[in-house]
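Trainee: My file is target.csv. It has CSV, C-alpha atoms and all ligand atoms:
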chain,number,residue,atom,x,y,z
I,1,MET,CA,17.6,-5.7,35.1
I,2,ALA,CA,17.0,-2.9,32.7
I,3,LEU,CA,18.4,-5.0,29.9
I,4,GLY,CA,16.2,-7.9,30.8
I,5,LEU,CA,19.1,-10.3,30.8
I,6,ARG,CA,18.5,-14.0,31.6
I,7,SER,CA,20.8,-16.5,33.1
I,8,PRO,CA,23.6,-17.2,32.3
I,9,TRP,CA,24.1,-13.7,30.9
I,10,LEU,CA,25.6,-11.0,33.2
I,11,VAL,CA,26.9,-7.5,32.9
I,12,THR,CA,30.6,-7.7,33.6
I,13,ARG,CA,31.5,-4.0,33.1
I,14,SER,CA,30.4,-0.8,31.5
I,15,ALA,CA,32.4,2.1,30.1
I,16,PHE,CA,30.9,5.6,29.8
I,17,ASP,CA,32.6,8.1,27.5
I,18,ALA,CA,31.1,11.6,27.9
I,19,GLU,CA,33.3,13.0,25.2
I,20,ASP,CA,32.3,10.4,22.6
I,21,LYS,CA,28.8,10.4,23.9
I,22,ARG,CA,28.6,6.6,24.2
I,23,LEU,CA,28.0,4.0,26.7
I,24,ASP,CA,29.5,0.5,26.2
I,25,ILE,CA,28.1,-2.4,28.2
I,26,TYR,CA,30.0,-5.7,28.3
I,27,LEU,CA,28.1,-8.9,28.8
I,28,ASP,CA,29.5,-12.4,29.6
I,29,PHE,CA,28.6,-15.7,31.0
I,30,PRO,CA,30.3,-17.7,33.8
I,31,ARG,CA,32.7,-20.4,32.7
I,32,GLY,CA,31.0,-23.8,32.4
I,33,SER,CA,27.5,-22.4,31.6
I,34,GLY,CA,25.2,-24.5,29.6
I,35,PHE,CA,23.2,-23.1,26.6
I,36,LEU,CA,20.2,-24.3,24.6
I,37,CYS,CA,20.9,-25.6,21.1
I,38,PRO,CA,19.5,-23.0,18.7
I,39,SER,CA,18.3,-25.7,16.3
I,40,CYS,CA,16.7,-28.5,18.4
I,41,GLY,CA,16.4,-26.8,21.8
I,42,ALA,CA,18.4,-29.4,23.7
I,43,GLY,CA,19.7,-27.9,27.0
I,44,SER,CA,23.0,-27.7,28.7
I,45,CYS,CA,25.2,-27.6,25.6
I,46,ALA,CA,28.7,-26.5,26.5
I,47,ALA,CA,30.5,-23.6,24.8
I,48,TYR,CA,32.9,-24.7,22.1
I,49,ASP,CA,34.3,-21.4,21.2
I,50,THR,CA,33.1,-17.7,21.1
I,51,GLU,CA,32.9,-14.8,18.8
I,52,GLU,CA,32.9,-11.1,19.8
I,53,VAL,CA,29.7,-9.3,18.7
I,54,THR,CA,28.5,-5.7,19.1
I,55,TRP,CA,24.9,-4.5,19.0
I,56,ARG,CA,23.6,-1.0,18.9
I,57,HIS,CA,21.0,-0.6,21.8
I,58,LEU,CA,18.5,2.1,22.7
I,59,ASN,CA,20.2,5.4,23.6
I,60,PHE,CA,21.1,6.0,27.2
I,61,PHE,CA,19.7,9.5,27.5
I,62,GLN,CA,21.5,11.3,24.7
I,63,HIS,CA,24.3,8.8,24.5
I,64,GLU,CA,24.6,5.9,22.0
I,65,ALA,CA,24.6,2.6,23.8
I,66,TYR,CA,26.3,-0.6,22.6
I,67,LEU,CA,26.2,-4.1,24.0
I,68,HIS,CA,29.2,-6.3,23.6
I,69,ALA,CA,29.3,-10.0,24.2
I,70,ARG,CA,31.3,-13.1,23.2
I,71,VAL,CA,28.7,-15.3,21.7
I,72,PRO,CA,29.4,-19.0,22.1
I,73,ARG,CA,29.1,-21.7,19.6
I,74,VAL,CA,28.0,-24.9,21.2
I,75,THR,CA,28.3,-28.5,20.4
I,76,CYS,CA,24.9,-30.3,20.3
I,77,LYS,CA,24.9,-34.1,20.3
I,78,THR,CA,22.3,-34.0,17.5
I,79,CYS,CA,23.0,-30.9,15.5
I,80,GLY,CA,26.8,-30.4,15.8
I,81,VAL,CA,28.4,-26.9,16.2
I,82,LYS,CA,25.9,-24.0,16.4
I,83,ARG,CA,26.0,-20.4,17.4
I,84,VAL,CA,23.6,-19.8,20.3
I,85,SER,CA,20.8,-17.3,20.1
I,86,VAL,CA,21.1,-14.3,22.5
I,87,PRO,CA,17.8,-13.1,24.1
I,88,TRP,CA,18.4,-9.4,23.2
I,89,ALA,CA,18.9,-9.6,19.5
I,90,ARG,CA,18.0,-11.7,16.5
I,91,GLU,CA,20.6,-13.7,14.6
I,92,GLY,CA,22.6,-11.6,12.1
I,93,SER,CA,21.4,-8.2,13.3
I,94,GLY,CA,23.7,-5.5,14.6
I,95,PHE,CA,20.9,-4.0,16.6
I,96,THR,CA,19.1,-5.2,19.7
I,97,LEU,CA,15.4,-6.1,19.5
I,98,LEU,CA,14.5,-3.0,21.4
I,99,PHE,CA,16.5,-0.8,19.1
I,100,GLU,CA,14.8,-2.4,16.1
I,101,ALA,CA,11.4,-1.9,17.7
I,102,LEU,CA,12.2,1.8,18.1
I,103,VAL,CA,13.3,2.3,14.5
I,104,MET,CA,10.4,0.3,13.2
I,105,ALA,CA,8.0,2.6,15.0
I,106,MET,CA,9.9,5.6,13.6
I,107,MET,CA,9.7,4.3,10.1
I,108,THR,CA,6.0,4.1,10.2
I,109,MET,CA,5.9,7.8,10.9
I,110,MET,CA,8.7,9.3,8.9
I,111,PRO,CA,10.9,8.7,5.8
I,112,VAL,CA,13.4,6.0,6.4
I,113,ALA,CA,16.2,8.4,5.6
I,114,ALA,CA,14.9,10.8,8.3
I,115,ALA,CA,14.8,8.0,10.8
I,116,GLY,CA,18.3,7.1,9.9
I,117,ARG,CA,19.5,10.6,10.5
I,118,LEU,CA,17.8,10.8,13.9
I,119,VAL,CA,19.4,7.6,15.2
I,120,GLY,CA,22.7,8.2,13.4
I,121,GLU,CA,22.6,5.1,11.3
I,122,HIS,CA,22.8,4.7,7.5
I,123,ASP,CA,19.4,4.1,6.1
I,124,THR,CA,20.4,1.0,4.2
I,125,ARG,CA,20.8,-0.7,7.6
I,126,LEU,CA,17.3,0.5,8.6
I,127,TRP,CA,15.8,-0.8,5.3
I,128,ARG,CA,17.3,-4.2,6.1
I,129,VAL,CA,15.5,-4.2,9.5
I,130,LEU,CA,12.3,-3.1,7.9
I,131,HIS,CA,12.4,-5.7,5.2
I,132,HIS,CA,13.1,-8.4,7.8
I,133,TYR,CA,10.1,-7.6,9.9
I,134,VAL,CA,7.7,-7.0,7.0
I,135,GLU,CA,8.7,-10.3,5.3
I,136,GLN,CA,8.4,-12.3,8.6
I,137,ALA,CA,5.0,-10.7,9.3
I,138,ARG,CA,3.7,-11.3,5.8
I,139,ALA,CA,4.8,-14.9,6.0
I,140,ARG,CA,2.6,-15.3,9.0
I,141,ALA,CA,-0.4,-13.3,7.6
I,142,ASP,CA,-3.6,-15.3,7.3
I,143,PHE,CA,-5.9,-14.6,4.4
I,144,SER,CA,-8.3,-17.5,5.0
I,145,GLY,CA,-11.3,-15.3,5.6
I,146,VAL,CA,-10.8,-13.0,2.6
I,147,ALA,CA,-14.0,-12.9,0.5
I,148,ARG,CA,-14.3,-9.4,-1.0
I,149,VAL,CA,-11.4,-7.7,-2.7
I,150,ALA,CA,-10.8,-4.4,-4.4
I,151,CYS,CA,-7.9,-3.9,-6.7
I,152,ASP,CA,-6.5,-0.7,-8.1
I,153,GLU,CA,-3.3,0.5,-9.6
I,154,THR,CA,-1.1,3.4,-8.4
I,155,ALA,CA,1.9,5.0,-10.1
I,156,ALA,CA,5.0,4.0,-8.2
I,157,ARG,CA,6.8,6.9,-9.8
I,158,ARG,CA,5.6,9.8,-11.8
I,159,GLY,CA,4.2,8.5,-15.1
I,160,HIS,CA,5.5,5.0,-15.1
I,161,ASN,CA,6.2,1.9,-13.0
I,162,TYR,CA,2.8,0.9,-11.7
I,163,VAL,CA,2.0,-1.2,-8.7
I,164,THR,CA,-1.4,-2.7,-8.1
I,165,LEU,CA,-2.9,-2.9,-4.7
I,166,PHE,CA,-5.2,-5.7,-3.6
I,167,VAL,CA,-7.2,-4.8,-0.6
I,168,ASP,CA,-9.4,-6.8,1.7
I,169,LEU,CA,-12.7,-4.8,1.8
I,170,ASP,CA,-13.8,-6.3,5.1
I,171,ASP,CA,-10.6,-6.1,7.1
I,172,ARG,CA,-9.6,-2.9,5.4
I,173,ARG,CA,-6.0,-3.9,4.8
I,174,VAL,CA,-3.6,-4.2,1.9
I,175,LEU,CA,-3.2,-7.9,1.1
I,176,PHE,CA,-0.9,-7.8,-1.8
I,177,VAL,CA,1.1,-5.3,-3.8
I,178,ALA,CA,1.8,-6.6,-7.3
I,179,ASP,CA,4.2,-5.2,-9.9
I,180,GLY,CA,2.6,-3.7,-12.9
I,181,ARG,CA,-1.0,-3.8,-13.9
I,182,ASP,CA,-1.5,-6.5,-16.6
I,183,ALA,CA,-3.3,-9.8,-16.9
I,184,THR,CA,-0.6,-11.6,-14.8
I,185,THR,CA,-1.2,-9.2,-11.9
I,186,VAL,CA,-4.3,-11.1,-10.8
I,187,GLU,CA,-2.6,-14.4,-11.3
I,188,VAL,CA,0.2,-13.5,-8.9
I,189,PHE,CA,-2.3,-12.2,-6.4
I,190,ALA,CA,-4.2,-15.5,-6.5
I,191,LYS,CA,-1.0,-17.4,-5.9
I,192,ASP,CA,-0.1,-15.2,-2.9
I,193,LEU,CA,-3.6,-15.6,-1.5
I,194,VAL,CA,-3.3,-19.3,-1.6
I,195,ALA,CA,0.2,-19.2,0.0
I,196,HIS,CA,-1.4,-17.4,2.9
I,197,SER,CA,-4.2,-19.9,3.5
I,198,GLY,CA,-6.7,-18.0,1.4
I,199,HIS,CA,-9.2,-19.7,-0.9
I,200,VAL,CA,-9.6,-18.6,-4.5
I,201,GLU,CA,-13.1,-20.0,-4.5
I,202,ASN,CA,-14.1,-17.9,-1.5
I,203,ILE,CA,-13.5,-14.6,-3.4
I,204,ALA,CA,-17.1,-13.8,-4.2
I,205,GLU,CA,-16.9,-10.1,-4.9
I,206,VAL,CA,-14.2,-8.0,-6.7
I,207,CYS,CA,-14.2,-4.3,-7.3
I,208,ILE,CA,-12.0,-3.1,-10.2
I,209,ASP,CA,-11.9,-0.4,-12.9
I,210,MET,CA,-12.8,-1.4,-16.5
I,211,SER,CA,-9.3,-2.5,-17.4
I,212,ALA,CA,-9.5,-5.4,-19.8
I,213,ALA,CA,-6.4,-7.0,-18.3
I,214,PHE,CA,-8.0,-7.1,-14.8
I,215,ILE,CA,-11.3,-8.4,-16.2
I,216,LYS,CA,-9.5,-11.2,-18.0
I,217,GLY,CA,-7.3,-12.0,-15.0
I,218,ILE,CA,-10.3,-12.2,-12.6
I,219,ASN,CA,-12.3,-14.4,-15.0
I,220,GLU,CA,-9.3,-16.7,-15.2
I,221,TYR,CA,-7.9,-16.8,-11.7
I,222,LEU,CA,-10.8,-15.7,-9.4
I,223,PRO,CA,-13.6,-17.5,-11.3
I,224,ALA,CA,-16.1,-17.4,-8.3
I,225,ALA,CA,-15.9,-13.6,-8.1
I,226,THR,CA,-18.6,-11.3,-9.4
I,227,ILE,CA,-17.2,-8.0,-10.7
I,228,THR,CA,-18.4,-4.6,-9.6
I,229,PHE,CA,-16.9,-1.8,-11.6
I,230,ASP,CA,-15.7,0.9,-9.4
I,231,LYS,CA,-18.1,3.9,-9.6
I,232,PHE,CA,-15.4,6.5,-9.4
I,233,HIS,CA,-13.8,5.0,-12.5
I,234,ALA,CA,-17.2,4.9,-14.3
I,235,VAL,CA,-17.8,8.5,-13.5
I,236,LYS,CA,-14.2,9.3,-14.6
I,237,ILE,CA,-14.8,7.8,-18.0
I,238,VAL,CA,-17.8,10.0,-18.6
I,239,ASN,CA,-15.9,13.0,-17.1
I,240,ASP,CA,-13.0,12.4,-19.4
I,241,ALA,CA,-15.4,12.4,-22.4
I,242,VAL,CA,-16.7,15.9,-21.3
I,243,ASP,CA,-13.1,17.1,-21.3
I,244,LYS,CA,-12.6,15.8,-24.8
I,245,VAL,CA,-15.7,17.5,-26.0
I,246,ARG,CA,-14.5,20.8,-24.5
I,247,ARG,CA,-11.0,20.5,-26.0
I,248,ASP,CA,-12.5,19.9,-29.5
I,249,GLU,CA,-14.9,22.8,-29.1
I,250,GLN,CA,-12.5,25.4,-27.7
I,251,GLN,CA,-10.9,25.6,-31.2
I,252,SER,CA,-14.0,27.5,-32.3
I,253,ARG,CA,-15.2,28.8,-29.0
I,254,PRO,CA,-12.3,30.6,-27.3
I,255,GLU,CA,-14.4,31.4,-24.2
I,256,LEU,CA,-13.9,27.7,-23.2
I,257,LYS,CA,-10.2,28.1,-22.8
I,258,ARG,CA,-9.0,27.7,-19.2
I,259,THR,CA,-12.4,26.3,-18.1
I,260,ARG,CA,-11.3,22.7,-17.8
I,261,TYR,CA,-11.8,22.3,-14.1
I,262,VAL,CA,-15.1,24.2,-14.2
I,263,TRP,CA,-16.5,21.2,-16.0
I,264,LEU,CA,-14.6,18.5,-14.3
I,265,LYS,CA,-15.2,19.3,-10.6
I,266,ASN,CA,-18.5,18.8,-8.9
I,267,GLN,CA,-20.3,22.0,-8.4
I,268,GLY,CA,-20.0,21.8,-4.6
I,269,ASN,CA,-16.2,22.0,-5.0
I,270,LEU,CA,-16.1,25.1,-7.3
I,271,SER,CA,-15.0,28.5,-6.2
I,272,ALA,CA,-17.3,31.5,-6.5
I,273,GLY,CA,-15.4,32.6,-9.6
I,274,GLN,CA,-15.7,29.2,-11.2
I,275,LEU,CA,-19.4,29.1,-10.5
I,276,ASP,CA,-19.8,32.4,-12.2
I,277,THR,CA,-17.9,31.1,-15.2
I,278,LEU,CA,-20.1,28.0,-15.3
I,279,GLY,CA,-23.3,30.1,-15.1
I,280,GLY,CA,-22.1,32.4,-17.8
I,281,LEU,CA,-21.3,29.5,-20.2
I,282,ALA,CA,-24.4,27.4,-19.4
I,283,ASP,CA,-26.8,29.0,-21.7
I,284,ARG,CA,-24.6,29.7,-24.7
I,285,ASN,CA,-25.6,26.6,-26.6
I,286,LEU,CA,-22.3,24.9,-26.1
I,287,LYS,CA,-21.6,21.3,-26.9
I,288,THR,CA,-19.6,21.2,-23.7
I,289,ALA,CA,-22.5,22.3,-21.6
I,290,ARG,CA,-24.6,19.5,-23.1
I,291,ALA,CA,-21.9,17.0,-22.4
I,292,TYR,CA,-21.7,18.3,-18.9
I,293,GLN,CA,-25.4,17.7,-18.4
I,294,ILE,CA,-25.0,14.1,-19.6
I,295,ARG,CA,-22.2,13.7,-17.0
I,296,LEU,CA,-24.2,15.2,-14.1
I,297,THR,CA,-27.1,12.9,-14.9
I,298,PHE,CA,-24.8,9.9,-15.1
I,299,GLN,CA,-23.6,10.7,-11.6
I,300,ASP,CA,-27.2,10.9,-10.4
I,301,LEU,CA,-27.4,7.2,-11.2
I,302,TYR,CA,-25.6,6.3,-8.0
I,303,ALA,CA,-28.1,8.1,-5.8
I,304,LEU,CA,-30.8,5.6,-6.9
I,305,ALA,CA,-32.0,3.1,-4.3
I,306,SER,CA,-32.4,-0.1,-6.3
I,307,ARG,CA,-30.8,-2.0,-9.1
I,308,GLN,CA,-34.1,-2.1,-10.9
I,309,ALA,CA,-34.5,1.7,-10.8
I,310,ALA,CA,-30.9,2.1,-11.7
I,311,GLU,CA,-31.2,-0.1,-14.8
I,312,ALA,CA,-34.2,1.8,-16.1
I,313,PHE,CA,-32.4,5.1,-15.5
I,314,LEU,CA,-29.2,3.9,-17.1
I,315,LYS,CA,-31.2,2.7,-20.2
I,316,LYS,CA,-32.6,6.2,-20.7
I,317,TRP,CA,-29.3,7.8,-20.1
I,318,TYR,CA,-27.7,5.5,-22.6
I,319,PHE,CA,-30.3,6.5,-25.2
I,320,TRP,CA,-29.7,10.2,-24.5
I,321,ALA,CA,-25.9,10.0,-24.6
I,322,THR,CA,-25.8,7.9,-27.7
I,323,HIS,CA,-28.2,10.3,-29.5
I,324,SER,CA,-26.3,13.4,-28.4
I,325,ARG,CA,-24.2,13.7,-31.6
I,326,LEU,CA,-21.2,14.3,-29.3
I,327,GLY,CA,-18.6,11.7,-30.3
I,328,PRO,CA,-16.7,11.3,-27.0
I,329,MET,CA,-20.0,11.0,-25.1
I,330,ILE,CA,-21.2,8.3,-27.5
I,331,GLU,CA,-17.9,6.5,-26.9
I,332,ALA,CA,-18.2,6.8,-23.2
I,333,ALA,CA,-21.8,5.5,-23.2
I,334,LYS,CA,-20.8,2.5,-25.3
I,335,THR,CA,-18.0,1.8,-22.8
I,336,ILE,CA,-20.6,1.8,-20.0
I,337,LYS,CA,-22.8,-0.4,-22.1
I,338,ARG,CA,-20.1,-3.0,-22.6
I,339,HIS,CA,-19.6,-3.1,-18.8
I,340,TRP,CA,-23.3,-3.0,-18.0
I,341,ASP,CA,-23.7,-5.8,-15.4
I,342,GLY,CA,-20.6,-4.8,-13.5
I,343,VAL,CA,-21.7,-1.1,-13.4
I,344,LEU,CA,-25.2,-2.2,-12.1
I,345,ARG,CA,-23.6,-4.7,-9.7
I,346,TRP,CA,-22.8,-1.8,-7.5
I,347,PHE,CA,-26.5,-1.6,-6.5
I,348,ASP,CA,-26.2,-5.1,-5.0
I,349,THR,CA,-22.8,-4.9,-3.4
I,350,HIS,CA,-22.1,-1.2,-2.7
I,351,ILE,CA,-18.4,-1.9,-2.9
I,352,ALA,CA,-16.1,0.7,-4.4
I,353,ASN,CA,-12.4,1.5,-4.5
I,354,GLY,CA,-13.0,4.3,-2.1
I,355,LEU,CA,-11.1,2.3,0.5
I,356,ILE,CA,-8.2,2.2,-1.8
I,357,GLU,CA,-8.5,6.0,-2.5
I,358,GLY,CA,-8.5,6.3,1.3
I,359,LEU,CA,-5.5,4.0,1.5
I,360,ASN,CA,-4.0,6.0,-1.3
I,361,SER,CA,-3.2,8.8,1.1
I,362,LEU,CA,-1.3,6.2,3.1
I,363,VAL,CA,0.4,5.1,-0.2
I,364,GLN,CA,1.3,8.7,-1.0
I,365,ALA,CA,2.8,8.9,2.4
I,366,ALA,CA,4.6,5.6,1.7
I,367,LYS,CA,6.0,7.0,-1.5
I,368,ALA,CA,7.3,10.0,0.5
I,369,LYS,CA,8.8,7.6,3.0
I,370,ALA,CA,10.5,5.5,0.3
I,371,ARG,CA,11.6,8.6,-1.6
I,372,GLY,CA,15.1,8.5,-3.0
I,373,TYR,CA,14.8,4.7,-3.2
I,374,ARG,CA,14.0,3.7,-6.7
I,375,SER,CA,13.4,0.2,-5.7
I,376,ILE,CA,9.8,-1.0,-5.9
I,377,ARG,CA,10.7,-3.5,-3.2
I,378,ASN,CA,11.2,-0.7,-0.7
I,379,LEU,CA,7.9,0.9,-1.7
I,380,LYS,CA,6.1,-2.4,-1.4
I,381,ALA,CA,7.6,-3.0,2.1
I,382,ILE,CA,6.5,0.5,3.3
I,383,ILE,CA,3.0,0.0,2.0
I,384,TYR,CA,2.7,-3.3,3.8
I,385,LEU,CA,4.1,-1.7,6.9
I,386,ILE,CA,1.7,1.1,7.1
I,387,ALA,CA,-1.4,-0.4,5.4
I,388,GLY,CA,-1.1,-4.1,5.7
I,389,LYS,CA,-2.2,-4.4,9.4
I,390,LEU,CA,0.7,-6.9,9.9
I,391,GLU,CA,1.6,-8.3,13.3
I,392,LEU,CA,5.3,-7.5,13.4
I,393,GLY,CA,6.0,-9.4,16.6
I,394,LEU,CA,8.3,-6.7,18.0
I,395,PRO,CA,9.1,-6.4,21.7
I,396,THR,CA,7.3,-3.6,23.4
Y,401,ZN,ZN,20.6,-29.4,18.6
Let's see the structure in the file written out as C-alpha cells.

Mentor:
Amino acid sequence: MALGLRSPWLVTRSAFDAEDKRLDIYLDFPRGSGFLCPSCGAGSCAAYDTEEVTWRHLNFFQHEAYLHARVPRVTCKTCGVKRVSVPWAREGSGFTLLFEALVMAMMTMMPVAAAGRLVGEHDTRLWRVLHHYVEQARARADFSGVARVACDETAARRGHNYVTLFVDLDDRRVLFVADGRDATTVEVFAKDLVAHSGHVENIAEVCIDMSAAFIKGINEYLPAATITFDKFHAVKIVNDAVDKVRRDEQQSRPELKRTRYVWLKNQGNLSAGQLDTLGGLADRNLKTARAYQIRLTFQDLYALASRQAAEAFLKKWYFWATHSRLGPMIEAAKTIKRHWDGVLRWFDTHIANGLIEGLNSLVQAAKAKARGYRSIRNLKAIIYLIAGKLELGLPT
C-alpha cells in the first residue's frame, strides 16, 4: 500500500540488511497476468519475456531502499514486442518517480553536487533527472499570452560566455535562455516563442539595454514591438561617463584617487565617511563634481510624471551635458540622444529590467547550483527550474 502498487504488481518479499543499511523490496506479477501495451494502450497483452530491473526508491528511515522487479515485454497484436511501463518509474530511469520528485525538490534548493552527496548518488545521475523534467516541462510550456518581454544578458562565467534571459514581464517568469548576446539571440528567442504557441506579432513591448545587436534583432524578428530602453542601463551609461571623467582628472588631482564609489553610488547608499569625502570634494571646482551633477540630474528624469515633462527636461539636460566641455559626458549625452524615443518610452510603459535584476539573484543562485559544471546546458536547466515557473508534473 505504501508503494501505491496497482494490479497485477505485488510485493513478493523484502530483505532488510541493517549492516549495509539497505532495504530491498522485490516485486512481481502472477503468472498469466495481462498488461497494457505501452504504445497503443491495448489491454491484456501477455508477457513474452522479462528483464530484471532495479530502482532506487525513497529511503526507509536512514536506509537506502531499492525496488526490484522483472519487467515483462509483451506482444501486442498491433505494435509487436514492447517493454511495459511500470507505475512507479519512468522508462529508462534507475530511480522511482517519488525518488526523482525528492531530488528535484532538493535541486531547487541546493547545488546539484550537494544533493548528490546527501542522497549518496553521483551528481551526473541527478543532472540527467533534472534535464529530463525541465525538458519535458518546457516542451509543454505555453507562451500564447506573452505580450511584454524584457531581455538582458548575464555572464555565465566570470568575464566571458554570456547567456541572455528573455523574461515575461506579466507572468514574471524566464521564457528562454539564449546562448550569447548577438543579433541572432533575438531570432532564436522568436523561434522558441513560436514553438511554444507564442505569437511574434503579439509582442508589443520589449525592454532592452542599448545594445545595437538587440535593437537590430528586435526590429527584424519582433517587428510589432516598441522598444523601451532599460532605465538602469541608461543611468549606467551616464554613470560610467562620470567615472571616465574622474579617471582622467585624477592624473592632475590626486585627491580624487580612491573616490570611485563616492561618485558612483547614490548618496543614500554612502557611508558617513564617503559622504564626508564627497562634501569635501564638492566645492573644489572639479570636473568630476560637475559630471556628477549632470548624472544626478539625469537620474531625476525618472521621477517626472509625464512623457511630455520628461522630454522637455531631457532636452535641457542634453543641452547642458553637451555644453559641459567634458568629453565623456558629451559622448554619453549623444548616446542618449541616439536612443531618444526608447528612453522616453519608459514614461508610457514603465517597464524596466528590474524584474531581471530581481531574477538575477535567482540566476546567481543558479550559477552556484551549477558550479563545477562548465556546461551552459546545466546552467540553463537550473535557470528554467528555479525561474521558469514550469509545471514539472512530478508526483507529490
Ligand atoms: Zn500496442

Trainee: Please identify every polymer residue within 6 Å of ligand ZN 401 (chain Y), using all atoms listed in the file, and present the set as a PyMOL selection string.

Mentor: chain I and resi 37+39-42+76+78-79

Trainee: Can you work out which one of I:Ala69, I:Arg56, I:Phe61, I:Arg325 has the shortest atom-to-atom distance to I:Tyr26, counting all atoms listed in the file?

Mentor: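 Answer, going by the shortest atom-to-atom distance: I:Ala69.
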
Trainee: Record the distance separating atom CA of I:Leu169 and atom CA of I:Val194, expressed in Å with one decimal.

Mentor: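 These two atoms are separated by 17.6 Å.
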
Trainee: May I ask for the distance between atom CA of I:Asp192 and atom CA of I:Val146, given in Å to one decimal place?

Mentor: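 About the pair atom CA of I:Asp192 and atom CA of I:Val146: they are 12.2 Å apart.
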
Trainee: Tell me, as a short mmCIF file (atom, residue, chain, number, x, y, z; two decimals) with C-alpha atoms, keeping the file's coordinate frame, which residues lie within 10 Å of I:Ser93, counting all atoms listed in the file; anything in the same chain fewer than 6 positions away does not count.

Mentor:
data_model
loop_
_atom_site.label_atom_id
_atom_site.label_comp_id
_atom_site.auth_asym_id
_atom_site.auth_seq_id
_atom_site.Cartn_x
_atom_site.Cartn_y
_atom_site.Cartn_z
CA VAL I 53 29.70 -9.30 18.70
CA THR I 54 28.50 -5.70 19.10
CA TRP I 55 24.90 -4.50 19.00
CA ARG I 56 23.60 -1.00 18.90
CA GLU I 100 14.80 -2.40 16.10
CA ARG I 125 20.80 -0.70 7.60
CA ARG I 128 17.30 -4.20 6.10
CA VAL I 129 15.50 -4.20 9.50
CA HIS I 132 13.10 -8.40 7.80
#

Trainee: Please indicate the distance in Å from atom CA of I:Leu286 to atom CA of I:Gln274, rounded to one decimal place.

Mentor: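 About the pair atom CA of I:Leu286 and atom CA of I:Gln274: they are 16.9 Å apart.
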
Trainee: Any idea what's packed within 7 Å of I:Thr12, counting only C-alpha atoms, ignoring anything in its chain fewer than 2 positions away? Could you give it as a list of chain:residue names?

Mentor: I:Leu10, I:Tyr26, I:Leu27, I:Asp28

Trainee: Would you mind telling me which residue in I:Phe347, I:Tyr302, I:Tyr162, I:Phe29 lies nearest to I:Ala178 when using all atoms listed in the file?

Mentor: I:Tyr162

Trainee: Per residue of stretch 149-192 of chain I within 8 Å of stretch 209-218 of chain I, record the nearest atom pair and its distance in Å to one decimal, counting all atoms listed in the file, with rows in chain order and ascending residue number, as a tab-separated table.

Mentor:
residue	atom	partner	partner_atom	distance
I:Asp152	CA	I:Asp209	CA	7.2
I:Arg181	CA	I:Ala213	CA	7.7
I:Asp182	CA	I:Ala213	CA	5.2
I:Ala183	CA	I:Ala213	CA	4.4
I:Thr184	CA	I:Gly217	CA	6.7
I:Thr185	CA	I:Gly217	CA	7.4
I:Val186	CA	I:Gly217	CA	5.2
I:Glu187	CA	I:Gly217	CA	6.4

Trainee: Counting only C-alpha atoms, which residue out of I:Asp170, I:Asp300, I:Glu391, I:Asp179 sits closest to I:Val134?

Mentor: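 Smallest distance to I:Val134 is found for I:Glu391.
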
Trainee: With all atoms listed in the file as the counted atoms, please give the residues lying no more than 10 Å from stretch 332-337 of chain I, apart from itself and same-chain residues fewer than 3 positions off, as a PyMOL selection string.

Mentor: chain I and resi 210+229+234-242+294+298+314-315+317-322+327-329+340-344

Trainee: Could you check which of I:Ile203, I:Ala305, I:Met106, I:Ala113 is closest to I:Thr226, using all atoms listed in the file?

Mentor: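 Looking at the shortest contact to I:Thr226, the residue is I:Ile203.
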
Trainee: If I only have part of stretch 226-237 of chain I, can you fill in N, CA and C atoms and write it as a PDB file, in the coordinates of the input?

Mentor:
ATOM      1  N   THR I 226     -17.755 -12.167  -8.614  1.00  0.00           N
ATOM      2  CA  THR I 226     -18.600 -11.300  -9.400  1.00  0.00           C
ATOM      3  C   THR I 226     -17.943  -9.917  -9.422  1.00  0.00           C
ATOM      4  N   ILE I 227     -17.901  -9.316 -10.606  1.00  0.00           N
ATOM      5  CA  ILE I 227     -17.200  -8.000 -10.700  1.00  0.00           C
ATOM      6  C   ILE I 227     -18.157  -6.866 -10.511  1.00  0.00           C
ATOM      7  N   THR I 228     -17.744  -5.951  -9.660  1.00  0.00           N
ATOM      8  CA  THR I 228     -18.400  -4.600  -9.600  1.00  0.00           C
ATOM      9  C   THR I 228     -17.403  -3.646 -10.140  1.00  0.00           C
ATOM     10  N   PHE I 229     -17.858  -2.838 -11.111  1.00  0.00           N
ATOM     11  CA  PHE I 229     -16.900  -1.800 -11.600  1.00  0.00           C
ATOM     12  C   PHE I 229     -17.009  -0.599 -10.702  1.00  0.00           C
ATOM     13  N   ASP I 230     -15.840  -0.162 -10.352  1.00  0.00           N
ATOM     14  CA  ASP I 230     -15.700   0.900  -9.400  1.00  0.00           C
ATOM     15  C   ASP I 230     -16.450   2.183  -9.931  1.00  0.00           C
ATOM     16  N   LYS I 231     -17.305   2.742  -9.084  1.00  0.00           N
ATOM     17  CA  LYS I 231     -18.100   3.900  -9.600  1.00  0.00           C
ATOM     18  C   LYS I 231     -17.301   5.108  -9.837  1.00  0.00           C
ATOM     19  N   PHE I 232     -16.216   5.277  -9.108  1.00  0.00           N
ATOM     20  CA  PHE I 232     -15.400   6.500  -9.400  1.00  0.00           C
ATOM     21  C   PHE I 232     -14.758   6.395 -10.757  1.00  0.00           C
ATOM     22  N   HIS I 233     -14.359   5.178 -11.148  1.00  0.00           N
ATOM     23  CA  HIS I 233     -13.800   5.000 -12.500  1.00  0.00           C
ATOM     24  C   HIS I 233     -14.863   5.208 -13.558  1.00  0.00           C
ATOM     25  N   ALA I 234     -16.077   4.715 -13.289  1.00  0.00           N
ATOM     26  CA  ALA I 234     -17.200   4.900 -14.300  1.00  0.00           C
ATOM     27  C   ALA I 234     -17.450   6.340 -14.491  1.00  0.00           C
ATOM     28  N   VAL I 235     -17.541   7.084 -13.405  1.00  0.00           N
ATOM     29  CA  VAL I 235     -17.800   8.500 -13.500  1.00  0.00           C
ATOM     30  C   VAL I 235     -16.626   9.194 -14.255  1.00  0.00           C
ATOM     31  N   LYS I 236     -15.419   8.716 -13.982  1.00  0.00           N
ATOM     32  CA  LYS I 236     -14.200   9.300 -14.600  1.00  0.00           C
ATOM     33  C   LYS I 236     -14.276   9.154 -16.143  1.00  0.00           C
ATOM     34  N   ILE I 237     -14.766   7.989 -16.591  1.00  0.00           N
ATOM     35  CA  ILE I 237     -14.800   7.800 -18.000  1.00  0.00           C
ATOM     36  C   ILE I 237     -15.745   8.796 -18.688  1.00  0.00           C
TER      37      ILE I 237
END
